[in-house]
file coords12.cif (mmCIF, C-alpha atoms)
data_structure
#
loop_
_atom_site.group_PDB
_atom_site.id
_atom_site.type_symbol
_atom_site.label_atom_id
_atom_site.label_comp_id
_atom_site.auth_asym_id
_atom_site.auth_seq_id
_atom_site.Cartn_x
_atom_site.Cartn_y
_atom_site.Cartn_z
ATOM 1 C CA MET A 1 36.906 10.979 -1.082
ATOM 2 C CA LEU A 2 39.205 13.825 -0.102
ATOM 3 C CA LYS A 3 42.807 12.661 0.109
ATOM 4 C CA VAL A 4 44.346 12.178 3.566
ATOM 5 C CA THR A 5 47.893 12.055 4.884
ATOM 6 C CA ALA A 6 48.454 10.033 8.056
ATOM 7 C CA THR A 7 51.317 11.386 10.182
ATOM 8 C CA ILE A 8 53.229 9.609 12.952
ATOM 9 C CA ILE A 9 56.119 10.974 15.023
ATOM 10 C CA THR A 10 58.509 8.386 16.449
ATOM 11 C CA LEU A 11 61.505 7.668 18.628
ATOM 12 C CA ASP A 12 62.443 4.023 19.175
ATOM 13 C CA GLU A 13 58.979 2.675 18.380
ATOM 14 C CA ALA A 14 59.994 -0.607 16.718
ATOM 15 C CA ALA A 15 57.517 -2.521 18.868
ATOM 16 C CA HIS A 16 54.581 -0.394 17.700
ATOM 17 C CA ILE A 17 55.269 1.220 14.340
ATOM 18 C CA ALA A 18 54.275 -1.665 12.045
ATOM 19 C CA GLY A 19 50.854 -1.973 13.663
ATOM 20 C CA ALA A 20 50.314 1.773 13.563
ATOM 21 C CA ILE A 21 51.194 2.028 9.866
ATOM 22 C CA ASP A 22 49.107 -1.009 8.928
ATOM 23 C CA SER A 23 46.084 0.534 10.663
ATOM 24 C CA VAL A 24 46.249 3.623 8.414
ATOM 25 C CA ALA A 25 46.889 1.757 5.167
ATOM 26 C CA TRP A 26 43.648 3.342 3.920
ATOM 27 C CA ALA A 27 45.332 6.783 3.887
ATOM 28 C CA ASP A 28 46.659 8.203 0.608
ATOM 29 C CA GLU A 29 50.023 8.947 2.196
ATOM 30 C CA ILE A 30 51.785 7.939 5.412
ATOM 31 C CA ILE A 31 54.559 10.121 6.845
ATOM 32 C CA VAL A 32 56.790 9.108 9.749
ATOM 33 C CA VAL A 33 58.902 11.868 11.303
ATOM 34 C CA ASP A 34 61.593 10.164 13.349
ATOM 35 C CA SER A 35 63.870 11.870 15.853
ATOM 36 C CA GLY A 36 66.846 9.510 15.995
ATOM 37 C CA SER A 37 65.574 5.977 16.545
ATOM 38 C CA ARG A 38 68.225 3.313 17.035
ATOM 39 C CA ASP A 39 65.998 0.264 17.225
ATOM 40 C CA GLY A 40 65.092 -0.140 13.554
ATOM 41 C CA THR A 41 61.918 1.953 13.649
ATOM 42 C CA THR A 42 62.743 3.745 10.397
ATOM 43 C CA ASP A 43 63.614 0.507 8.558
ATOM 44 C CA ILE A 44 60.282 -1.020 9.571
ATOM 45 C CA ALA A 45 58.415 2.123 8.543
ATOM 46 C CA ARG A 46 60.042 2.238 5.116
ATOM 47 C CA ALA A 47 59.358 -1.467 4.581
ATOM 48 C CA ARG A 48 55.682 -0.760 5.342
ATOM 49 C CA GLY A 49 55.591 1.906 2.612
ATOM 50 C CA ALA A 50 55.752 5.021 4.788
ATOM 51 C CA ARG A 51 57.649 8.120 3.775
ATOM 52 C CA VAL A 52 60.267 8.570 6.512
ATOM 53 C CA VAL A 53 61.815 11.924 7.383
ATOM 54 C CA GLU A 54 64.506 12.115 10.054
ATOM 55 C CA ARG A 55 64.484 15.304 12.109
ATOM 56 C CA ALA A 56 66.029 16.285 15.448
ATOM 57 C CA TRP A 57 63.551 16.337 18.334
ATOM 58 C CA THR A 58 61.975 19.778 18.854
ATOM 59 C CA GLY A 59 59.056 18.795 21.086
ATOM 60 C CA TYR A 60 55.732 17.051 20.508
ATOM 61 C CA ILE A 61 53.913 20.092 19.161
ATOM 62 C CA ASP A 62 56.562 21.240 16.726
ATOM 63 C CA GLN A 63 57.220 17.719 15.441
ATOM 64 C CA LYS A 64 53.520 17.131 14.761
ATOM 65 C CA ASN A 65 53.077 20.494 13.058
ATOM 66 C CA TYR A 66 56.164 19.819 10.957
ATOM 67 C CA ALA A 67 54.812 16.418 9.912
ATOM 68 C CA ALA A 68 51.589 18.085 8.761
ATOM 69 C CA SER A 69 53.500 20.830 6.933
ATOM 70 C CA ILE A 70 55.333 18.367 4.657
ATOM 71 C CA ALA A 71 52.227 16.333 3.805
ATOM 72 C CA SER A 72 51.061 16.117 0.207
ATOM 73 C CA HIS A 73 47.423 16.590 1.238
ATOM 74 C CA ASP A 74 45.636 19.141 3.402
ATOM 75 C CA TRP A 75 43.553 16.700 5.411
ATOM 76 C CA ILE A 76 45.690 15.131 8.124
ATOM 77 C CA PHE A 77 45.109 12.191 10.428
ATOM 78 C CA SER A 78 47.634 12.384 13.261
ATOM 79 C CA LEU A 79 48.402 9.050 14.899
ATOM 80 C CA ASP A 80 50.728 8.148 17.754
ATOM 81 C CA ALA A 81 52.830 5.026 17.310
ATOM 82 C CA ASP A 82 51.000 3.253 20.152
ATOM 83 C CA GLU A 83 47.588 3.894 18.591
ATOM 84 C CA ARG A 84 45.563 1.982 16.016
ATOM 85 C CA VAL A 85 42.718 2.946 13.687
ATOM 86 C CA PRO A 86 40.300 -0.014 13.689
ATOM 87 C CA PRO A 87 38.264 -0.787 10.545
ATOM 88 C CA ALA A 88 35.087 0.844 11.913
ATOM 89 C CA LEU A 89 36.852 4.162 12.463
ATOM 90 C CA ALA A 90 38.608 3.960 9.092
ATOM 91 C CA GLU A 91 35.265 3.476 7.356
ATOM 92 C CA GLU A 92 33.746 6.375 9.302
ATOM 93 C CA ILE A 93 36.603 8.636 8.202
ATOM 94 C CA ARG A 94 36.097 7.605 4.580
ATOM 95 C CA ARG A 95 32.388 8.412 4.811
ATOM 96 C CA THR A 96 33.116 11.718 6.546
ATOM 97 C CA LEU A 97 35.505 12.826 3.794
ATOM 98 C CA ALA A 98 33.407 11.568 0.891
ATOM 99 C CA SER A 99 32.794 15.259 0.190
ATOM 100 C CA GLU A 100 34.111 18.546 1.573
ATOM 101 C CA PRO A 101 32.991 18.766 5.242
ATOM 102 C CA ALA A 102 31.398 21.874 6.707
ATOM 103 C CA VAL A 103 33.969 21.882 9.545
ATOM 104 C CA HIS A 104 37.779 21.821 9.592
ATOM 105 C CA GLY A 105 38.372 19.158 12.207
ATOM 106 C CA PHE A 106 36.844 16.103 13.864
ATOM 107 C CA ARG A 107 37.053 14.902 17.442
ATOM 108 C CA GLY A 108 36.382 11.352 18.610
ATOM 109 C CA PRO A 109 36.748 8.950 21.536
ATOM 110 C CA ARG A 110 39.929 7.047 22.345
ATOM 111 C CA VAL A 111 39.861 3.774 24.277
ATOM 112 C CA THR A 112 42.917 2.474 26.153
ATOM 113 C CA TYR A 113 43.960 -1.162 26.576
ATOM 114 C CA HIS A 114 45.431 -1.665 30.036
ATOM 115 C CA LEU A 115 45.781 -4.510 32.539
ATOM 116 C CA GLY A 116 44.284 -7.003 30.140
ATOM 117 C CA ARG A 117 41.154 -5.176 28.973
ATOM 118 C CA TRP A 118 39.731 -2.186 27.127
ATOM 119 C CA ILE A 119 38.936 0.494 29.693
ATOM 120 C CA ARG A 120 35.680 2.364 29.127
ATOM 121 C CA THR A 121 35.355 3.750 32.641
ATOM 122 C CA THR A 122 37.290 6.258 34.817
ATOM 123 C CA ASP A 123 39.116 9.246 33.330
ATOM 124 C CA PHE A 124 40.519 6.857 30.722
ATOM 125 C CA TYR A 125 37.357 7.132 28.616
ATOM 126 C CA PRO A 126 36.165 8.664 26.367
ATOM 127 C CA ASP A 127 39.452 10.647 26.333
ATOM 128 C CA SER A 128 38.270 12.599 23.274
ATOM 129 C CA GLN A 129 40.950 13.542 20.746
ATOM 130 C CA THR A 130 41.018 15.768 17.651
ATOM 131 C CA ARG A 131 43.121 13.835 15.150
ATOM 132 C CA LEU A 132 41.432 14.417 11.792
ATOM 133 C CA TYR A 133 41.867 18.003 10.631
ATOM 134 C CA ASP A 134 42.450 20.346 7.711
ATOM 135 C CA ARG A 135 45.935 21.809 8.165
ATOM 136 C CA ARG A 136 44.858 25.019 6.422
ATOM 137 C CA HIS A 137 42.558 25.768 9.371
ATOM 138 C CA ALA A 138 44.086 23.890 12.303
ATOM 139 C CA ARG A 139 47.389 23.196 14.034
ATOM 140 C CA TRP A 140 48.847 21.628 17.144
ATOM 141 C CA GLN A 141 49.286 23.883 20.143
ATOM 142 C CA GLY A 142 50.156 23.665 23.844
ATOM 143 C CA ARG A 143 53.256 23.749 25.993
ATOM 144 C CA LEU A 144 54.928 20.986 28.006
ATOM 145 C CA VAL A 145 51.998 18.561 28.265
ATOM 146 C CA HIS A 146 48.516 17.997 26.847
ATOM 147 C CA GLU A 147 49.206 19.133 23.313
ATOM 148 C CA SER A 148 46.057 19.375 21.214
ATOM 149 C CA VAL A 149 44.785 20.483 17.818
ATOM 150 C CA ALA A 150 43.262 23.972 17.704
ATOM 151 C CA VAL A 151 40.689 24.253 14.906
ATOM 152 C CA ASP A 152 39.269 27.429 13.407
ATOM 153 C CA GLY A 153 35.530 27.247 14.018
ATOM 154 C CA PRO A 154 33.367 24.351 15.227
ATOM 155 C CA VAL A 155 34.613 20.752 15.384
ATOM 156 C CA GLY A 156 32.718 17.709 14.131
ATOM 157 C CA ARG A 157 32.341 14.408 15.970
ATOM 158 C CA LEU A 158 33.477 10.891 15.142
ATOM 159 C CA LYS A 159 31.652 8.038 16.890
ATOM 160 C CA ASN A 160 34.067 5.123 16.625
ATOM 161 C CA ASP A 161 36.969 4.567 19.026
ATOM 162 C CA LEU A 162 40.621 5.174 18.287
ATOM 163 C CA GLU A 163 42.538 2.362 20.007
ATOM 164 C CA HIS A 164 45.380 3.193 22.396
ATOM 165 C CA TYR A 165 47.995 0.750 23.704
ATOM 166 C CA SER A 166 49.448 3.260 26.125
ATOM 167 C CA TYR A 167 51.057 1.106 28.820
ATOM 168 C CA GLU A 168 52.967 -2.159 28.657
ATOM 169 C CA ASN A 169 52.171 -2.917 32.299
ATOM 170 C CA LEU A 170 51.661 -1.251 35.679
ATOM 171 C CA SER A 171 55.367 -0.500 36.030
ATOM 172 C CA ASP A 172 55.315 1.347 32.718
ATOM 173 C CA GLN A 173 52.334 3.380 33.926
ATOM 174 C CA VAL A 174 54.224 4.344 37.092
ATOM 175 C CA ASN A 175 57.192 5.539 35.045
ATOM 176 C CA ARG A 176 54.997 7.588 32.720
ATOM 177 C CA ILE A 177 53.122 9.141 35.619
ATOM 178 C CA ASN A 178 56.422 10.168 37.171
ATOM 179 C CA HIS A 179 57.525 11.777 33.913
ATOM 180 C CA TYR A 180 54.306 13.577 33.006
ATOM 181 C CA THR A 181 53.500 14.843 36.510
ATOM 182 C CA THR A 182 56.886 16.567 36.543
ATOM 183 C CA LEU A 183 56.043 18.316 33.264
ATOM 184 C CA ALA A 184 52.524 19.159 34.446
ATOM 185 C CA ALA A 185 53.812 20.599 37.719
ATOM 186 C CA GLN A 186 56.369 22.717 35.865
ATOM 187 C CA GLN A 187 53.713 24.016 33.503
ATOM 188 C CA MET A 188 51.386 24.885 36.387
ATOM 189 C CA TYR A 189 54.204 26.661 38.212
ATOM 190 C CA ASP A 190 55.171 28.624 35.102
ATOM 191 C CA ASN A 191 51.545 29.696 34.786
ATOM 192 C CA GLY A 192 51.669 31.173 38.283
ATOM 193 C CA ARG A 193 49.857 28.322 40.030
ATOM 194 C CA ARG A 194 50.948 27.519 43.596
ATOM 195 C CA THR A 195 49.865 24.616 45.774
ATOM 196 C CA SER A 196 48.965 24.285 49.455
ATOM 197 C CA VAL A 197 48.522 21.660 52.152
ATOM 198 C CA PHE A 198 44.771 21.830 51.496
ATOM 199 C CA GLU A 199 45.140 21.077 47.777
ATOM 200 C CA ILE A 200 47.603 18.253 48.388
ATOM 201 C CA ALA A 201 45.168 16.721 50.892
ATOM 202 C CA VAL A 202 41.946 17.250 48.938
ATOM 203 C CA HIS A 203 42.702 16.699 45.245
ATOM 204 C CA PRO A 204 43.881 13.032 45.386
ATOM 205 C CA PRO A 205 40.810 11.631 47.209
ATOM 206 C CA ALA A 206 38.576 13.767 45.008
ATOM 207 C CA ALA A 207 40.267 12.262 41.952
ATOM 208 C CA PHE A 208 39.733 8.762 43.321
ATOM 209 C CA LEU A 209 36.039 9.343 43.964
ATOM 210 C CA ARG A 210 35.570 10.881 40.513
ATOM 211 C CA ASN A 211 37.243 7.908 38.824
ATOM 212 C CA TYR A 212 35.877 5.075 40.920
ATOM 213 C CA LEU A 213 32.315 6.292 41.541
ATOM 214 C CA LEU A 214 31.292 9.111 39.187
ATOM 215 C CA ARG A 215 33.071 7.601 36.186
ATOM 216 C CA ARG A 216 32.154 4.069 37.161
ATOM 217 C CA GLY A 217 35.571 2.532 37.705
ATOM 218 C CA PHE A 218 33.876 0.038 40.031
ATOM 219 C CA LEU A 219 32.339 -1.620 36.970
ATOM 220 C CA ASP A 220 35.825 -2.824 35.985
ATOM 221 C CA GLY A 221 36.352 -4.629 39.288
ATOM 222 C CA SER A 222 39.884 -4.766 40.627
ATOM 223 C CA VAL A 223 41.233 -3.197 37.432
ATOM 224 C CA GLY A 224 38.957 -0.194 37.913
ATOM 225 C CA LEU A 225 40.094 0.096 41.529
ATOM 226 C CA VAL A 226 43.763 0.016 40.548
ATOM 227 C CA ILE A 227 43.280 2.609 37.809
ATOM 228 C CA SER A 228 41.333 4.897 40.160
ATOM 229 C CA LEU A 229 44.087 4.642 42.769
ATOM 230 C CA MET A 230 46.752 5.360 40.140
ATOM 231 C CA GLN A 231 44.818 8.385 38.891
ATOM 232 C CA ALA A 232 44.574 9.700 42.456
ATOM 233 C CA TRP A 233 48.292 9.162 43.001
ATOM 234 C CA SER A 234 49.077 10.970 39.745
ATOM 235 C CA VAL A 235 47.036 14.004 40.796
ATOM 236 C CA GLY A 236 48.620 14.032 44.233
ATOM 237 C CA LEU A 237 52.135 13.755 42.836
ATOM 238 C CA LYS A 238 51.501 16.661 40.484
ATOM 239 C CA PHE A 239 50.467 18.940 43.365
ATOM 240 C CA VAL A 240 53.303 17.756 45.603
#

call {"tool": "encode", "arguments": {"input": "coords12.cif", "output": "structure tokens"}}
result
Amino acid sequence: MLKVTATIITLDEAAHIAGAIDSVAWADEIIVVDSGSRDGTTDIARARGARVVERAWTGYIDQKNYAASIASHDWIFSLDADERVPPALAEEIRRTLASEPAVHGFRGPRVTYHLGRWIRTTDFYPDSQTRLYDRRHARWQGRLVHESVAVDGPVGRLKNDLEHYSYENLSDQVNRINHYTTLAAQQMYDNGRRTSVFEIAVHPPAAFLRNYLLRRGFLDGSVGLVISLMQAWSVGLKFV
């Protein structure tokens, strides 16, 4: 098997970091790049066997590219602290890297746990992410929001879910929506995008219908309804 470095960037992730590190124990190296945690994140990470590097915050993209740059191995698995690699995905990665792949990166589904269940409807799923990549042919890119890995050439597919514990509760989701819609609106504005009464009126209900009907949020009952409404509110807030 080709050797893999798992990278995690952190800031005050004491509640999550142990689980994240344990889920990538199969990796040949685990690097945590921390940007000033004061809650014991780095102590927990070191106790779990991770190599910890403390570095001032320079943004999501730069921190993730830096973490990859200091890895001992070229194949990188980038993990957020609130994510977990379940055994099925770990085994799939091992099989995928049993020999040199024909591609330089792999993209797979991510499933989010929210409001008491795994959500496999609405815009929450499959939420495909490129997390396994060869740093010689790929790197993180983007601006304020929606950073992603750009890979030279075609990207392979992973079938098993990456697990995401994104929100503690509905209040946490509201706070995150408020934060990320501000960044998204700024990025749109910087790109020359302008809004209108029509867009403010049309985009939120369209987002609700997409989530609740087209992406089958109704199958998750009241939880699907709440998520669809929250997605619509997020879109509306961004345009406002």

call {"tool": "resolve_selection", "arguments": {"input": "coords12.cif", "expression": "the PyMOL selection byres ((chain A and resi 186-193) around 8)", "output": "count of residues only"}}
result
9

call {"tool": "residues_around", "arguments": {"input": "coords12.cif", "residues": "A:Asp28", "least_positions_apart": "2", "cutoff": "6 Å", "atoms": "only C-alpha atoms", "output": "PyMOL selection string"}}
result
chain A and resi 3-5

call {"tool": "axis_aligned_box", "arguments": {"input": "coords12.cif", "around": "stretch 115-129 of chain A", "padding_each_side": "4 Å", "output": "lines of an AutoDock Vina configuration file"}}
result
center_x = 40.6
center_y = 3.3
center_z = 27.8
size_x = 18.4
size_y = 28.5
size_z = 22.1

call {"tool": "residues_around", "arguments": {"input": "coords12.cif", "residues": "A:His114", "least_positions_apart": "4", "cutoff": "10 Å", "atoms": "only C-alpha atoms", "output": "list in words"}}
result
Trp118, Ile119, Phe124, His164, Tyr165, Ser166, Tyr167, Glu168, Asn169, Leu170, Gln173, Val223 and Ile227 of chain A

call {"tool": "write_last_selection", "arguments": {"input": "coords12.cif", "atoms": "C-alpha atoms", "output": "compact mmCIF listing (two decimals), in the coordinates of the input"}}
result
# COMPACT_ATOMS: atom_id res chain seq x y z
CA TRP A 118 39.73 -2.19 27.13
CA ILE A 119 38.94 0.49 29.69
CA PHE A 124 40.52 6.86 30.72
CA HIS A 164 45.38 3.19 22.40
CA TYR A 165 48.00 0.75 23.70
CA SER A 166 49.45 3.26 26.12
CA TYR A 167 51.06 1.11 28.82
CA GLU A 168 52.97 -2.16 28.66
CA ASN A 169 52.17 -2.92 32.30
CA LEU A 170 51.66 -1.25 35.68
CA GLN A 173 52.33 3.38 33.93
CA VAL A 223 41.23 -3.20 37.43
CA ILE A 227 43.28 2.61 37.81

call {"tool": "atom_distance", "arguments": {"input": "coords12.cif", "atom1": "atom CA of A:Phe239", "atom2": "atom CA of A:Ile200"}}
result
5.8 Å

call {"tool": "resolve_selection", "arguments": {"input": "coords12.cif", "expression": "the PyMOL selection byres ((chain A and resi 36) around 12)", "output": "list in words"}}
result
Ile9, Thr10, Leu11, Asp12, Glu13, Val32, Val33, Asp34, Ser35, Ser37, Arg38, Asp39, Gly40, Thr41, Thr42, Val52, Val53, Glu54, Arg55, Ala56, Trp57 and Thr58 of chain A

call {"tool": "closest_residue", "arguments": {"input": "coords12.cif", "among": "A:Asp123, A:Leu132, A:Gly156, A:Val149", "to": "A:Ala207", "atoms": "all atoms listed in the file"}}
result
A:Asp123

call {"tool": "resolve_selection", "arguments": {"input": "coords12.cif", "expression": "the PyMOL selection byres ((chain A and resi 70) around 10)", "output": "number ranges by chain"}}
result
A: 5, 7, 31, 33, 53, 65-69, 71-74

call {"tool": "atom_distance", "arguments": {"input": "coords12.cif", "atom1": "atom CA of A:Gly236", "atom2": "atom CA of A:Arg210"}}
result
13.9 Å

call {"tool": "residues_around", "arguments": {"input": "coords12.cif", "residues": "A:Leu97", "least_positions_apart": "6", "cutoff": "12 Å", "atoms": "all atoms listed in the file", "output": "PyMOL selection string"}}
result
chain A and resi 1-4+27+74-77+90-91+103-106+132-134+156+158

call {"tool": "atom_distance", "arguments": {"input": "coords12.cif", "atom1": "atom CA of A:His137", "atom2": "atom CA of A:Val155"}}
result
11.2 Å

call {"tool": "closest_residue", "arguments": {"input": "coords12.cif", "among": "A:Arg131, A:Arg139, A:Arg48, A:Lys64", "to": "A:Val85", "atoms": "all atoms listed in the file"}}
result
A:Arg131

call {"tool": "residues_around", "arguments": {"input": "coords12.cif", "residues": "A:Glu163", "least_positions_apart": "2", "cutoff": "7 Å", "atoms": "only C-alpha atoms", "output": "number ranges by chain"}}
result
A: 83-85, 110-112, 161, 165

call {"tool": "closest_residue", "arguments": {"input": "coords12.cif", "among": "A:Thr122, A:Ala150, A:Leu237, A:Arg46", "to": "A:Ala14", "atoms": "only C-alpha atoms"}}
result
A:Arg46

call {"tool": "build_atoms", "arguments": {"input": "coords12.cif", "residues": "stretch 15-41 of chain A", "atoms": "N, CA and C atoms", "output": "short mmCIF file (atom, residue, chain, number, x, y, z; two decimals), keeping the file's coordinate frame"}}
result
data_model
loop_
_atom_site.label_atom_id
_atom_site.label_comp_id
_atom_site.auth_asym_id
_atom_site.auth_seq_id
_atom_site.Cartn_x
_atom_site.Cartn_y
_atom_site.Cartn_z
N ALA A 15 58.54 -1.59 18.40
CA ALA A 15 57.52 -2.52 18.87
C ALA A 15 56.12 -2.14 18.40
N HIS A 16 55.92 -0.88 18.02
CA HIS A 16 54.58 -0.39 17.70
C HIS A 16 54.38 0.03 16.24
N ILE A 17 55.44 0.47 15.58
CA ILE A 17 55.27 1.22 14.34
C ILE A 17 54.60 0.41 13.23
N ALA A 18 54.89 -0.87 13.12
CA ALA A 18 54.28 -1.66 12.04
C ALA A 18 52.76 -1.69 12.20
N GLY A 19 52.29 -1.93 13.42
CA GLY A 19 50.85 -1.97 13.66
C GLY A 19 50.19 -0.64 13.40
N ALA A 20 50.86 0.44 13.79
CA ALA A 20 50.31 1.77 13.56
C ALA A 20 50.17 2.05 12.07
N ILE A 21 51.22 1.78 11.31
CA ILE A 21 51.19 2.03 9.87
C ILE A 21 50.15 1.16 9.19
N ASP A 22 50.09 -0.11 9.54
CA ASP A 22 49.11 -1.01 8.93
C ASP A 22 47.68 -0.52 9.17
N SER A 23 47.45 0.10 10.34
CA SER A 23 46.08 0.53 10.66
C SER A 23 45.65 1.77 9.88
N VAL A 24 46.60 2.47 9.25
CA VAL A 24 46.25 3.62 8.41
C VAL A 24 46.60 3.37 6.95
N ALA A 25 46.60 2.11 6.56
CA ALA A 25 46.89 1.76 5.17
C ALA A 25 45.86 2.34 4.21
N TRP A 26 44.69 2.73 4.74
CA TRP A 26 43.65 3.34 3.92
C TRP A 26 44.00 4.77 3.51
N ALA A 27 44.96 5.40 4.19
CA ALA A 27 45.33 6.78 3.89
C ALA A 27 46.05 6.86 2.54
N ASP A 28 46.00 8.02 1.91
CA ASP A 28 46.66 8.20 0.61
C ASP A 28 48.16 8.39 0.74
N GLU A 29 48.60 8.74 1.94
CA GLU A 29 50.02 8.95 2.20
C GLU A 29 50.25 8.73 3.69
N ILE A 30 51.41 8.13 4.01
CA ILE A 30 51.78 7.94 5.41
C ILE A 30 53.18 8.53 5.61
N ILE A 31 53.28 9.47 6.55
CA ILE A 31 54.56 10.12 6.84
C ILE A 31 54.97 9.79 8.27
N VAL A 32 56.20 9.34 8.43
CA VAL A 32 56.79 9.11 9.75
C VAL A 32 57.93 10.10 9.94
N VAL A 33 57.82 10.94 10.96
CA VAL A 33 58.90 11.87 11.30
C VAL A 33 59.62 11.30 12.52
N ASP A 34 60.84 10.86 12.30
CA ASP A 34 61.59 10.16 13.35
C ASP A 34 62.70 11.06 13.90
N SER A 35 62.88 10.99 15.22
CA SER A 35 63.87 11.87 15.85
C SER A 35 65.07 11.11 16.41
N GLY A 36 65.59 10.17 15.61
CA GLY A 36 66.85 9.51 16.00
C GLY A 36 66.71 8.11 16.54
N SER A 37 65.75 7.35 16.06
CA SER A 37 65.57 5.98 16.55
C SER A 37 66.80 5.12 16.25
N ARG A 38 67.10 4.23 17.20
CA ARG A 38 68.22 3.31 17.04
C ARG A 38 67.80 1.86 17.12
N ASP A 39 66.51 1.63 17.06
CA ASP A 39 66.00 0.26 17.23
C ASP A 39 65.38 -0.30 15.95
N GLY A 40 65.63 0.36 14.82
CA GLY A 40 65.09 -0.14 13.55
C GLY A 40 63.72 0.39 13.19
N THR A 41 63.24 1.37 13.94
CA THR A 41 61.92 1.95 13.65
C THR A 41 61.81 2.42 12.21
#
